[in-house]
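First comes the structure, then the notes that go with it.
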Amino acid sequence: MPRLVDHEVRRRQITAAVRQVIVSGGLEAVTFQTVAAEAGISVRLVQYYFGTKKDFLLATHRSVMEDAGARFLQRWTALGPDASPRETIRAVLTELLPLDDQRREETFVLGAFGWAAIVDRGITAEETFAAPRALVAIVADQLRRLQRTAPSNPELDAQLIGMAIGGLAQGMLQGFSSPAAAVELVDHLLDRLLGADTPG
């Protein structure tokens, strides 16, 4: 009997290969040939699942966001229903920092997409905005939940937090900030916006 192929698994295999090619050689190194070689499959098979290079690039971008989103959802669930807005915001922000190999890879890949949009490498800025917009929406929603010391403009504060965490993550890749220092900066930012976190 012919072996059944899980198409979603195959697509994930290809997008995982795209990530590795980006990490090792940058976005400019990504071709059907390099992705096929990294995945250990034929170029024709890559083309079967993704008709164009842009198709598998955007699928890769989505896969990074989905992985980060799944981790955050798991972390959010672990916090429980009584988690404060500050705890929730801190959880999502620290999940976006490159504090381990997987998150470092994701930060590198998203940074490569951002740069591609800036220099017009076939990816538009609009096509990379889903992740930062989702982050701003989550943070703004949590800021609105605050009953005490509520920010005067949750949307602007959420955008500020989003821009700060993006810059911090990229700075970590360059060695500008250690993981411990980065987490300390996240807490400091939340202290500045929400007031110092005091136990009890």
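For the structure tokens, the naming scheme is as follows: chains receive sequential letters (A, B, ...) according to their order of presentation, residues are indexed from 1 within each chain, and ligands are indexed from 1 in presentation order.
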Taking 2 positions as the minimum chain separation for residues in the same chain, which residues sit within 12 Å of range 108-112 of chain A when counting only C-alpha atoms? Answer as JSON, numbers by chain.
{"A": [15, 16, 17, 18, 19, 20, 21, 22, 23, 24, 25, 26, 27, 28, 29, 30, 57, 58, 60, 61, 62, 63, 64, 65, 68, 96, 97, 98, 101, 102, 103, 104, 105, 106, 114, 115, 116, 117, 118, 119, 120, 121, 123, 125, 127, 128, 129, 130, 131, 132, 166, 167, 168, 169, 170, 171, 172, 173, 174]}
Would you please extract all alpha helix (DSSP H) residues from range 14-153 of chain A, as assigned by DSSP on the backbone, and give them as a ChimeraX atom specification?
/A:14-25,32-39,43-49,53-79,85-95,101-118,130-144
Counting only C-alpha atoms, which residues of range 79-131 of chain A fall within 12 Å of range 151-160 of chain A, and what is the closest atom pair for each with its distance in Å at one decimal, ordered by chain and rising number, as a tab-separated table?
```
residue	atom	partner	partner_atom	distance
A:Pro85	CA	A:Pro151	CA	11.9
A:Ile89	CA	A:Ala158	CA	9.8
A:Leu93	CA	A:Ala158	CA	11.2
```
Go through A:Val92, A:Val9, A:Leu143, A:Ile14 and flag the residue nearest Val183 in chain A, using only C-alpha atoms for the distances.
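Ranking A:Val92, A:Val9, A:Leu143, A:Ile14 by distance to Val183 in chain A, first place goes to A:Val92.
Shortest atom-to-atom contact with Glu184 in chain A among A:Thr94, A:Phe32, A:Leu79, A:Ala39: A:Thr94, counting only C-alpha atoms.
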Using only C-alpha atoms, which of the listed residues (A:Val35, A:Ala91, A:Ile161, A:Ala180) sits closest to Leu194 in chain A?
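Result for the nearest residue to Leu194 in chain A: A:Ile161.
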Residues within 9 Å of Arg90 in chain A, only C-alpha atoms, excluding chain neighbours under 5 positions, as a list in words
Pro85, Glu95, Val186, Asp187 and Leu190 of chain A
Print the selection's residues with N, CA and C atoms to a file, as a compact mmCIF listing (two decimals), in the first residue's frame.
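Everything below was put into again_12.txt:
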```txt
# COMPACT_ATOMS: atom_id res chain seq x y z
N PRO A 85 -3.10 41.84 34.98
CA PRO A 85 -2.66 42.35 33.67
C PRO A 85 -1.15 42.42 33.57
N GLU A 95 8.14 35.87 26.47
CA GLU A 95 8.08 34.83 25.44
C GLU A 95 8.63 35.32 24.11
N VAL A 186 12.61 44.55 30.99
CA VAL A 186 11.16 44.37 30.84
C VAL A 186 10.46 44.78 32.13
N ASP A 187 10.98 44.32 33.26
CA ASP A 187 10.37 44.68 34.55
C ASP A 187 10.46 46.19 34.80
N LEU A 190 7.82 47.96 32.72
CA LEU A 190 6.50 47.80 33.31
C LEU A 190 6.36 48.63 34.58
```
Neighbour list for Ile41 in chain A as a ChimeraX atom specification, cut-off 10 Å, only C-alpha atoms, skip fewer than 4 positions in-chain
/A:10,13-14,33,35-37,45-46
